[in-house]
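Trainee: mmCIF, C-alpha atoms, saved as target_8.cif, coming up:
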```
data_upload
loop_
_atom_site.label_atom_id
_atom_site.label_comp_id
_atom_site.auth_asym_id
_atom_site.auth_seq_id
_atom_site.Cartn_x
_atom_site.Cartn_y
_atom_site.Cartn_z
CA MET A 1 19.61 -30.76 -1.05
CA PRO A 2 22.16 -28.96 1.09
CA ILE A 3 21.38 -25.59 -0.47
CA LYS A 4 17.83 -25.78 0.82
CA LYS A 5 19.10 -26.28 4.34
CA LEU A 6 20.95 -22.99 4.21
CA PHE A 7 18.01 -21.06 2.86
CA PRO A 8 15.01 -21.44 5.15
CA PHE A 9 11.37 -21.39 4.22
CA VAL A 10 10.02 -17.85 4.74
CA THR A 11 6.39 -16.81 5.08
CA ALA A 12 4.64 -13.55 5.75
CA ASP A 13 1.73 -14.03 8.16
CA ILE A 14 -0.79 -11.34 8.98
CA ALA A 15 -2.99 -10.61 11.99
CA LEU A 16 -5.79 -8.55 10.42
CA PHE A 17 -7.84 -6.82 13.10
CA THR A 18 -11.22 -5.16 12.92
CA ILE A 19 -13.87 -4.15 15.41
CA ASP A 20 -17.29 -5.64 15.02
CA ASP A 21 -20.11 -6.16 17.47
CA ASP A 22 -18.15 -4.20 20.10
CA THR A 23 -15.38 -6.80 19.96
CA LEU A 24 -11.84 -6.74 18.62
CA ARG A 25 -11.77 -9.46 15.97
CA VAL A 26 -8.98 -11.13 14.03
CA LEU A 27 -9.32 -12.81 10.66
CA LEU A 28 -8.68 -16.57 10.63
CA VAL A 29 -8.53 -18.80 7.58
CA LYS A 30 -9.22 -22.51 7.47
CA ARG A 31 -6.28 -24.09 5.68
CA ALA A 32 -7.14 -25.77 2.39
CA ASN A 33 -3.77 -27.53 2.01
CA PRO A 34 -1.29 -29.47 4.12
CA PRO A 35 0.41 -29.01 6.46
CA ALA A 36 -2.32 -28.48 9.07
CA LYS A 37 -5.01 -28.86 6.39
CA GLY A 38 -8.41 -28.03 7.87
CA ALA A 39 -6.94 -26.17 10.84
CA TRP A 40 -7.48 -22.47 11.51
CA ALA A 41 -4.54 -20.11 11.11
CA LEU A 42 -3.63 -16.51 10.47
CA PRO A 43 -3.61 -15.81 6.74
CA GLY A 44 -0.12 -16.15 5.34
CA GLY A 45 1.97 -17.41 2.51
CA ALA A 46 5.48 -17.96 1.25
CA ILE A 47 7.42 -15.00 -0.02
CA ASP A 48 8.11 -14.86 -3.75
CA PRO A 49 11.44 -13.16 -4.41
CA ASP A 50 10.46 -12.64 -8.05
CA ALA A 51 7.25 -10.84 -7.17
CA ASP A 52 8.02 -9.18 -3.83
CA ALA A 53 10.51 -6.35 -3.49
CA SER A 54 10.45 -6.76 0.30
CA LEU A 55 8.73 -8.57 3.15
CA ASP A 56 6.28 -5.66 3.42
CA GLU A 57 5.25 -6.20 -0.18
CA ALA A 58 5.03 -9.94 0.35
CA ALA A 59 2.68 -9.39 3.29
CA ARG A 60 0.42 -7.08 1.24
CA ARG A 61 0.36 -9.49 -1.69
CA VAL A 62 -0.37 -12.52 0.48
CA LEU A 63 -3.13 -10.75 2.40
CA SER A 64 -4.89 -9.35 -0.67
CA GLY A 65 -4.48 -12.72 -2.42
CA LYS A 66 -6.16 -14.56 0.43
CA THR A 67 -8.79 -12.00 1.42
CA LEU A 68 -9.27 -9.68 -1.59
CA VAL A 69 -8.73 -6.56 0.54
CA ASP A 70 -6.07 -3.91 0.40
CA VAL A 71 -5.52 -2.61 3.90
CA PRO A 72 -4.73 1.02 4.71
CA PHE A 73 -2.24 0.03 7.41
CA LEU A 74 0.16 -2.88 7.69
CA GLU A 75 3.27 -3.04 9.87
CA GLN A 76 5.84 -5.62 10.84
CA VAL A 77 5.58 -6.97 14.38
CA ALA A 78 8.39 -9.53 14.75
CA THR A 79 9.95 -12.54 13.04
CA PHE A 80 9.44 -16.04 14.41
CA SER A 81 11.83 -18.84 13.59
CA GLY A 82 13.02 -22.34 14.21
CA ALA A 83 13.05 -25.97 13.18
CA ALA A 84 9.98 -27.04 15.12
CA ARG A 85 7.33 -24.46 14.22
CA ASP A 86 6.49 -25.79 10.74
CA PRO A 87 6.71 -29.43 9.60
CA ARG A 88 8.22 -28.30 6.29
CA GLY A 89 11.50 -27.62 8.09
CA TRP A 90 13.47 -24.72 9.49
CA SER A 91 11.28 -21.74 8.79
CA LEU A 92 10.86 -18.04 9.35
CA SER A 93 7.59 -16.20 9.69
CA ALA A 94 7.62 -12.44 9.38
CA LEU A 95 4.52 -11.40 11.32
CA TYR A 96 2.57 -8.31 10.32
CA TYR A 97 -0.50 -6.71 11.75
CA ALA A 98 -3.07 -4.77 9.81
CA LEU A 99 -6.20 -2.80 10.66
CA LEU A 100 -9.43 -2.89 8.69
CA PRO A 101 -12.29 -0.38 9.09
CA ARG A 102 -15.44 -2.20 10.11
CA ASP A 103 -17.39 -0.87 7.13
CA GLN A 104 -15.05 -2.89 4.90
CA ILE A 105 -15.56 -6.25 6.61
CA SER A 106 -18.06 -7.29 3.96
CA ALA A 107 -15.39 -6.86 1.25
CA VAL A 108 -13.25 -9.59 2.81
CA ALA A 109 -13.54 -12.94 1.07
CA GLY A 110 -11.51 -16.14 1.35
CA ARG A 111 -9.36 -17.33 -1.54
CA LYS A 112 -7.36 -20.56 -1.51
CA THR A 113 -8.82 -21.28 1.93
CA GLU A 114 -11.70 -23.51 3.00
CA ALA A 115 -13.38 -20.80 5.03
CA ILE A 116 -12.72 -17.54 6.85
CA ALA A 117 -13.89 -16.40 10.26
CA TRP A 118 -13.63 -13.26 12.37
CA ALA A 119 -12.67 -14.63 15.78
CA ASN A 120 -12.64 -12.76 19.07
CA ALA A 121 -9.00 -11.63 19.12
CA PHE A 122 -8.70 -11.92 22.91
CA ALA A 123 -10.49 -15.27 23.14
CA ALA A 124 -10.49 -17.20 19.88
CA ASP A 125 -12.58 -20.31 20.40
CA VAL A 126 -10.54 -22.45 18.00
CA GLU A 127 -7.04 -23.82 18.28
CA LEU A 128 -4.60 -22.25 15.86
CA ALA A 129 -2.17 -24.18 13.65
CA PHE A 130 1.62 -23.99 14.01
CA ASP A 131 2.73 -21.33 16.53
CA HIS A 132 0.01 -18.95 15.37
CA ALA A 133 -1.46 -18.57 18.86
CA GLU A 134 1.88 -17.05 19.90
CA LEU A 135 1.95 -14.88 16.78
CA LEU A 136 -1.55 -13.59 17.51
CA ALA A 137 -0.67 -12.85 21.14
CA THR A 138 2.41 -10.89 20.02
CA ALA A 139 0.44 -8.88 17.47
CA LEU A 140 -2.25 -8.12 20.05
CA GLU A 141 0.36 -6.95 22.52
CA LYS A 142 1.80 -4.58 19.92
CA LEU A 143 -1.63 -3.18 19.06
CA ARG A 144 -2.57 -2.64 22.73
CA ASP A 145 0.78 -1.15 23.50
CA LYS A 146 0.45 1.36 20.69
CA VAL A 147 -3.03 2.44 21.77
CA GLU A 148 -1.91 2.66 25.42
CA ARG A 149 0.77 5.05 24.22
CA ALA A 150 -1.91 7.38 22.84
CA ALA A 151 -1.74 6.25 19.23
CA LEU A 152 -5.17 6.55 17.63
CA PRO A 153 -6.45 3.39 15.87
CA LEU A 154 -8.18 5.51 13.21
CA HIS A 155 -7.68 2.78 10.61
CA LEU A 156 -10.29 0.72 12.45
CA LEU A 157 -12.97 3.36 12.04
CA PRO A 158 -15.10 4.20 9.01
CA GLU A 159 -14.15 7.28 7.02
CA ARG A 160 -16.30 9.54 9.18
CA PHE A 161 -16.72 8.88 12.87
CA THR A 162 -17.66 10.51 16.17
CA LEU A 163 -15.37 10.93 19.17
CA THR A 164 -17.61 8.52 21.08
CA GLU A 165 -16.89 5.84 18.45
CA LEU A 166 -13.18 6.60 18.67
CA GLN A 167 -13.18 6.34 22.46
CA ARG A 168 -15.12 3.07 22.32
CA THR A 169 -12.57 1.67 19.83
CA CYS A 170 -9.70 2.52 22.19
CA GLU A 171 -11.61 1.01 25.12
CA ILE A 172 -12.20 -2.27 23.28
CA ILE A 173 -8.50 -2.58 22.47
CA GLN A 174 -7.33 -1.52 25.93
CA GLY A 175 -9.90 -3.70 27.62
CA ARG A 176 -11.01 -1.02 30.08
CA ALA A 177 -13.22 2.04 30.30
CA LEU A 178 -11.57 5.41 29.69
CA ASP A 179 -12.55 8.63 31.37
CA LYS A 180 -14.45 10.71 28.83
CA SER A 181 -13.15 14.12 29.83
CA SER A 182 -9.49 13.13 29.92
CA PHE A 183 -9.92 11.33 26.60
CA ARG A 184 -11.44 14.46 25.08
CA ARG A 185 -8.70 16.64 26.59
CA ARG A 186 -6.04 14.43 25.02
CA LEU A 187 -7.68 14.81 21.60
CA LYS A 188 -7.86 18.58 21.83
CA ASP A 189 -4.64 19.27 19.96
CA GLU A 190 -4.48 15.96 18.12
CA PRO A 191 -3.02 16.77 14.69
CA ASN A 192 -4.38 13.61 13.03
CA LEU A 193 -8.06 14.43 13.59
CA ILE A 194 -10.01 16.76 11.35
CA GLU A 195 -13.38 18.13 12.45
CA LEU A 196 -15.85 17.96 9.56
CA GLU A 197 -17.42 21.38 9.70
CA GLY A 198 -21.20 21.22 9.74
CA GLU A 199 -21.31 17.41 9.59
CA PHE A 200 -23.04 15.64 12.43
CA LEU A 201 -24.30 12.20 13.24
CA ARG A 202 -28.00 12.63 13.98
CA GLY A 203 -29.81 9.95 15.92
CA ALA A 204 -31.68 9.40 19.14
CA GLN A 205 -29.26 11.59 21.06
CA ARG A 206 -28.19 15.11 20.27
CA PRO A 207 -26.21 15.50 17.03
CA ALA A 208 -22.59 14.40 17.37
CA GLN A 209 -19.77 16.14 15.52
CA LEU A 210 -18.16 13.94 12.83
CA TYR A 211 -14.41 13.69 12.28
CA ARG A 212 -12.03 12.10 9.81
CA ALA A 213 -8.32 11.22 9.89
CA ILE A 214 -5.85 13.43 8.04
CA GLU A 215 -4.71 12.17 4.64
CA GLY A 216 -1.78 9.80 4.84
CA PHE A 217 -2.37 9.15 8.54
CA ARG A 218 0.08 6.63 9.98
CA PHE A 219 -0.99 4.59 12.99
CA MET B 220 19.02 -23.05 -9.13
CA PRO B 221 15.31 -22.34 -8.74
CA ILE B 222 15.19 -23.70 -5.21
CA LYS B 223 17.63 -21.04 -4.08
CA LYS B 224 15.35 -18.34 -5.41
CA LEU B 225 12.53 -19.47 -3.16
CA PHE B 226 14.68 -19.65 -0.07
CA PRO B 227 16.36 -16.32 0.58
CA PHE B 228 19.70 -15.70 2.20
CA VAL B 229 19.15 -14.97 5.92
CA THR B 230 21.55 -13.26 8.30
CA ALA B 231 21.37 -12.19 11.91
CA ASP B 232 22.97 -8.77 12.40
CA ILE B 233 23.61 -7.20 15.78
CA ALA B 234 23.89 -3.63 17.02
CA LEU B 235 25.96 -4.08 20.18
CA PHE B 236 25.85 -0.94 22.31
CA THR B 237 28.00 0.15 25.20
CA ILE B 238 28.76 3.42 26.94
CA ASP B 239 32.33 4.59 27.00
CA ASP B 240 33.84 8.00 27.41
CA ASP B 241 30.39 9.45 28.13
CA THR B 242 29.24 8.38 24.66
CA LEU B 243 26.87 5.71 23.42
CA ARG B 244 28.98 3.49 21.20
CA VAL B 245 28.18 0.72 18.76
CA LEU B 246 30.50 -2.08 17.70
CA LEU B 247 31.52 -2.07 14.05
CA VAL B 248 33.56 -4.73 12.27
CA LYS B 249 35.69 -4.26 9.19
CA ARG B 250 34.65 -6.96 6.76
CA ALA B 251 37.37 -9.48 5.90
CA ASN B 252 35.49 -11.06 2.99
CA PRO B 253 33.42 -10.01 0.00
CA PRO B 254 30.89 -8.59 -0.49
CA ALA B 255 31.86 -5.16 0.81
CA LYS B 256 35.29 -6.46 1.84
CA GLY B 257 37.14 -3.79 3.81
CA ALA B 258 33.96 -1.85 4.60
CA TRP B 259 32.61 -1.30 8.11
CA ALA B 260 29.40 -3.04 9.10
CA LEU B 261 27.44 -4.28 12.08
CA PRO B 262 28.65 -7.75 13.10
CA GLY B 263 26.51 -10.41 11.52
CA GLY B 264 26.46 -13.74 9.82
CA ALA B 265 24.33 -16.28 8.04
CA ILE B 266 22.02 -18.46 10.07
CA ASP B 267 22.91 -22.13 10.31
CA PRO B 268 19.75 -24.23 10.57
CA ASP B 269 21.82 -27.18 11.82
CA ALA B 270 23.34 -25.21 14.67
CA ASP B 271 20.69 -22.62 15.52
CA ALA B 272 17.34 -23.55 17.04
CA SER B 273 16.03 -20.05 16.30
CA LEU B 274 17.03 -16.62 15.05
CA ASP B 275 17.74 -15.59 18.66
CA GLU B 276 20.25 -18.40 18.96
CA ALA B 277 21.75 -17.54 15.60
CA ALA B 278 22.26 -13.95 16.75
CA ARG B 279 23.99 -15.07 19.96
CA ARG B 280 26.21 -17.53 18.11
CA VAL B 281 27.16 -15.01 15.42
CA LEU B 282 27.92 -12.28 17.95
CA SER B 283 30.01 -14.45 20.23
CA GLY B 284 31.77 -15.95 17.19
CA LYS B 285 32.75 -12.52 15.91
CA THR B 286 33.47 -10.76 19.21
CA LEU B 287 34.10 -13.47 21.83
CA VAL B 288 31.54 -12.02 24.21
CA ASP B 289 28.31 -13.42 25.56
CA VAL B 290 25.92 -10.58 26.17
CA PRO B 291 23.45 -10.44 29.05
CA PHE B 292 20.75 -8.92 26.87
CA LEU B 293 19.86 -9.42 23.23
CA GLU B 294 16.52 -8.71 21.59
CA GLN B 295 15.07 -8.68 18.10
CA VAL B 296 14.42 -5.25 16.61
CA ALA B 297 13.01 -5.86 13.11
CA THR B 298 13.66 -7.82 9.94
CA PHE B 299 14.97 -6.10 6.80
CA SER B 300 14.49 -7.59 3.39
CA GLY B 301 14.71 -7.24 -0.36
CA ALA B 302 16.57 -7.90 -3.56
CA ALA B 303 18.75 -4.79 -3.48
CA ARG B 304 20.21 -4.74 0.02
CA ASP B 305 22.86 -7.46 -0.49
CA PRO B 306 24.62 -8.28 -3.77
CA ARG B 307 24.26 -11.99 -3.00
CA GLY B 308 20.58 -11.74 -3.91
CA TRP B 309 17.21 -11.51 -2.20
CA SER B 310 18.06 -11.50 1.46
CA LEU B 311 16.67 -11.11 4.94
CA SER B 312 18.46 -9.60 7.90
CA ALA B 313 17.01 -10.20 11.34
CA LEU B 314 18.34 -7.24 13.33
CA TYR B 315 19.06 -7.59 17.03
CA TYR B 316 20.35 -5.16 19.58
CA ALA B 317 22.43 -6.03 22.58
CA LEU B 318 23.83 -4.12 25.55
CA LEU B 319 27.30 -4.60 26.97
CA PRO B 320 28.44 -3.27 30.37
CA ARG B 321 31.35 -0.91 29.87
CA ASP B 322 33.61 -2.93 32.19
CA GLN B 323 33.43 -5.75 29.65
CA ILE B 324 34.55 -3.73 26.63
CA SER B 325 38.08 -5.04 26.97
CA ALA B 326 36.83 -8.62 26.57
CA VAL B 327 35.57 -7.86 23.05
CA ALA B 328 37.87 -9.08 20.30
CA GLY B 329 37.42 -9.39 16.54
CA ARG B 330 37.30 -12.81 14.91
CA LYS B 331 36.98 -13.34 11.16
CA THR B 332 37.09 -9.56 10.73
CA GLU B 333 39.93 -7.23 9.76
CA ALA B 334 39.35 -4.91 12.67
CA ILE B 335 36.78 -3.78 15.18
CA ALA B 336 35.87 -0.29 16.35
CA TRP B 337 33.52 1.28 18.88
CA ALA B 338 31.93 4.09 16.87
CA ASN B 339 29.80 6.92 18.23
CA ALA B 340 26.35 5.39 17.78
CA PHE B 341 24.71 8.74 17.00
CA ALA B 342 27.44 9.94 14.65
CA ALA B 343 29.53 7.12 13.23
CA ASP B 344 32.34 8.69 11.21
CA VAL B 345 32.49 5.85 8.69
CA GLU B 346 30.09 4.78 6.00
CA LEU B 347 28.42 1.45 6.69
CA ALA B 348 28.11 -1.41 4.18
CA PHE B 349 24.78 -2.64 2.79
CA ASP B 350 21.77 -1.01 4.50
CA HIS B 351 23.49 -1.14 7.88
CA ALA B 352 23.13 2.62 8.45
CA GLU B 353 19.35 2.08 8.38
CA LEU B 354 19.66 -0.96 10.64
CA LEU B 355 21.71 1.03 13.15
CA ALA B 356 19.22 3.92 13.09
CA THR B 357 16.35 1.49 13.74
CA ALA B 358 18.16 -0.19 16.64
CA LEU B 359 19.01 3.22 18.16
CA GLU B 360 15.40 4.29 17.89
CA LYS B 361 14.28 1.15 19.73
CA LEU B 362 16.87 1.67 22.49
CA ARG B 363 15.94 5.34 22.96
CA ASP B 364 12.27 4.57 22.89
CA LYS B 365 12.64 1.95 25.58
CA VAL B 366 14.61 4.26 27.86
CA GLU B 367 12.13 7.12 27.24
CA ARG B 368 9.44 4.73 28.44
CA ALA B 369 11.24 4.42 31.77
CA ALA B 370 13.02 1.12 31.06
CA LEU B 371 16.34 1.07 32.89
CA PRO B 372 19.38 0.23 30.74
CA LEU B 373 21.00 -1.64 33.62
CA HIS B 374 22.78 -4.01 31.22
CA LEU B 375 25.02 -1.11 30.20
CA LEU B 376 26.28 -0.60 33.75
CA PRO B 377 28.89 -2.54 35.67
CA GLU B 378 27.64 -4.98 38.28
CA ARG B 379 27.60 -2.32 41.00
CA PHE B 380 26.74 1.26 40.19
CA THR B 381 25.51 4.52 41.69
CA LEU B 382 22.26 6.28 40.82
CA THR B 383 24.32 9.11 39.34
CA GLU B 384 25.89 6.65 36.91
CA LEU B 385 22.44 5.27 36.07
CA GLN B 386 21.04 8.75 35.44
CA ARG B 387 24.04 9.66 33.26
CA THR B 388 23.51 6.46 31.22
CA CYS B 389 19.87 7.38 30.59
CA GLU B 390 20.87 10.93 29.68
CA ILE B 391 23.44 9.75 27.14
CA ILE B 392 20.85 7.53 25.45
CA GLN B 393 18.07 10.10 25.56
CA GLY B 394 20.37 12.88 24.45
CA ARG B 395 19.21 15.36 27.09
CA ALA B 396 19.68 16.23 30.74
CA LEU B 397 17.20 14.74 33.20
CA ASP B 398 16.00 16.40 36.35
CA LYS B 399 17.71 14.72 39.27
CA SER B 400 14.85 14.84 41.74
CA SER B 401 12.21 13.51 39.35
CA PHE B 402 14.65 10.80 38.22
CA ARG B 403 15.22 9.78 41.85
CA ARG B 404 11.49 9.86 42.56
CA ARG B 405 10.83 7.54 39.65
CA LEU B 406 13.40 5.06 41.00
CA LYS B 407 11.90 5.05 44.48
CA ASP B 408 9.74 1.99 43.99
CA GLU B 409 11.70 0.51 41.10
CA PRO B 410 11.56 -3.28 41.61
CA ASN B 411 14.64 -3.98 39.47
CA LEU B 412 17.08 -2.04 41.63
CA ILE B 413 18.62 -3.46 44.79
CA GLU B 414 20.37 -1.20 47.28
CA LEU B 415 23.61 -2.81 48.42
CA GLU B 416 23.41 -2.29 52.16
CA GLY B 417 26.57 -0.73 53.54
CA GLU B 418 28.29 -0.51 50.14
CA PHE B 419 29.30 2.92 48.96
CA LEU B 420 31.43 4.41 46.25
CA ARG B 421 33.96 6.56 48.06
CA GLY B 422 35.74 9.29 46.16
CA ALA B 423 36.22 13.03 46.07
CA GLN B 424 32.56 13.60 46.87
CA ARG B 425 30.56 12.20 49.72
CA PRO B 426 30.09 8.41 49.61
CA ALA B 427 27.45 7.32 47.10
CA GLN B 428 25.18 4.35 47.71
CA LEU B 429 25.85 1.41 45.38
CA TYR B 430 23.11 -0.60 43.68
CA ARG B 431 22.81 -3.69 41.54
CA ALA B 432 20.11 -5.06 39.21
CA ILE B 433 17.92 -7.91 40.43
CA GLU B 434 18.85 -11.38 39.18
CA GLY B 435 17.37 -12.19 35.81
CA PHE B 436 16.63 -8.54 35.08
CA ARG B 437 15.07 -8.05 31.65
CA PHE B 438 15.59 -4.71 29.92
#
```
Taking this structure as input, can you express it in the form of structure tokens?

Mentor:
Amino acid sequence: MPIKKLFPFVTADIALFTIDDDTLRVLLVKRANPPAKGAWALPGGAIDPDADASLDEAARRVLSGKTLVDVPFLEQVATFSGAARDPRGWSLSALYYALLPRDQISAVAGRKTEAIAWANAFAADVELAFDHAELLATALEKLRDKVERAALPLHLLPERFTLTELQRTCEIIQGRALDKSSFRRRLKDEPNLIELEGEFLRGAQRPAQLYRAIEGFRF
Amino acid sequence: MPIKKLFPFVTADIALFTIDDDTLRVLLVKRANPPAKGAWALPGGAIDPDADASLDEAARRVLSGKTLVDVPFLEQVATFSGAARDPRGWSLSALYYALLPRDQISAVAGRKTEAIAWANAFAADVELAFDHAELLATALEKLRDKVERAALPLHLLPERFTLTELQRTCEIIQGRALDKSSFRRRLKDEPNLIELEGEFLRGAQRPAQLYRAIEGFRF
């Protein structure tokens, strides 16, 4: 089928990150079908030109089809390609990353997969199918890079959060402690943060001011 | 042909930048064939799974096929997609950008195109075919962003250059004047620059030290 040779197999694959148990985690799915049946991989699927207006839409459809969640943030990372990366032939994978607030982890379910798991994103203890280890490393690099450049990973936080939670989220992604006063100084004129007047987290320590992200916040 | 519908049309398109006449310029080609015959576009072409081991290789092959140059630097920017962007149907374009030293501009020739032109990258005075105006804007944004983040666009310079030429190159890309002393301070411990001992540019002003990039420099 010469026409097939000219038109490669295209998938959208997604690194879905969340923070749980003080660890950056990535969603893995255990493949229910060949190739690599039974192996762990990033969730992904073939594009459907009839259903998807674009790769972005394909990525959203594939992710919600496999996990039942709609994510607030999803962005293209890079496109991987070649004859060797998938046994089905010359293929392209458009890699996306997405961020899920930790209070929505329980909404994630596996569909058309044998199982799902939230692996440590920096040290997954399973081998990944295809070139998905490289895809994951590339997505992680993009996420870290963005946070290093002072982007706020607000999509990882619940709707209302404290500045301590925000700092801890940045620290987990950056892999190092941040100085509290410089972090607070940087947030002083941050246009994406809204202080919730009169709303505090009350616990063992003194009440902590709660914040939310502005509507339509883009990571 | 249902199989064709599942396997979209994939091209590699390249924004090739150079600096000439104190202006950041991008290579445009006048299309010799339909669709958009006679219109200006970024150079590009369909991938060939038999010839190309990856999208990166496809981009290099397409660019050298259309322009006769091999570029020292070429990197993926993003992948564009959809049913509407190309009349041939649902398509993907893997966009690359590449940098050409200005002393190699004369080596660039058009092949399989009606004409070539080096347009002002920030203000091309022609309309571009397909969604290539968006592709060009995205490539420009990536180039500017990288230079803003202190990456040195050494691939745009001839083999030997002065720090004044380097600063001017950054200024043209960033679109603003840079302070000479802070620029020089930043270069002080720059590992990618090699001072050419005893080699100076001699002209109307006092002799200026010449530099080159380290071997294997990556932008």

Trainee: What would the selection look like, as an NGL selection string, if the PyMOL selection byres ((chain B and resi 275-285) around 10) were run on the coordinates I just shared?

Mentor: (:A and (80-82)) or (:B and (230-235 or 248 or 261-268 or 270-274 or 286-290 or 292-295 or 313-317 or 327-332 or 335))

Trainee: Which residues, named as in the file, does the PyMOL selection byres ((chain A and resi 138) around 12) pick out? Answer as number ranges by chain.

Mentor: A: 14-15, 76-80, 94-97, 121-122, 131-137, 139-145

Trainee: Could you check the closest approach to chain B for each of A:Leu210, A:Ala84, A:Leu27, A:Leu193 and tell me which residue wins, using only C-alpha atoms?

Mentor: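 Selected residue with least distance to chain B: A:Ala84.
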
Trainee: Quick one: residues within 6 Å of (27.9, -0.6, 28.6) (file frame), counting all atoms listed in the file, please, as a list in words.

Mentor: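 Those within range, by chain then number, are Thr237, Ile238, Leu319, Pro320, Arg321, Leu375 and Leu376 of chain B.
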
Trainee: In Å to one decimal, how far is CA of Gln393 in chain B from CA of Leu420 in chain B?

Mentor: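 CA of Leu420 in chain B sits 25.3 Å away from CA of Gln393 in chain B.
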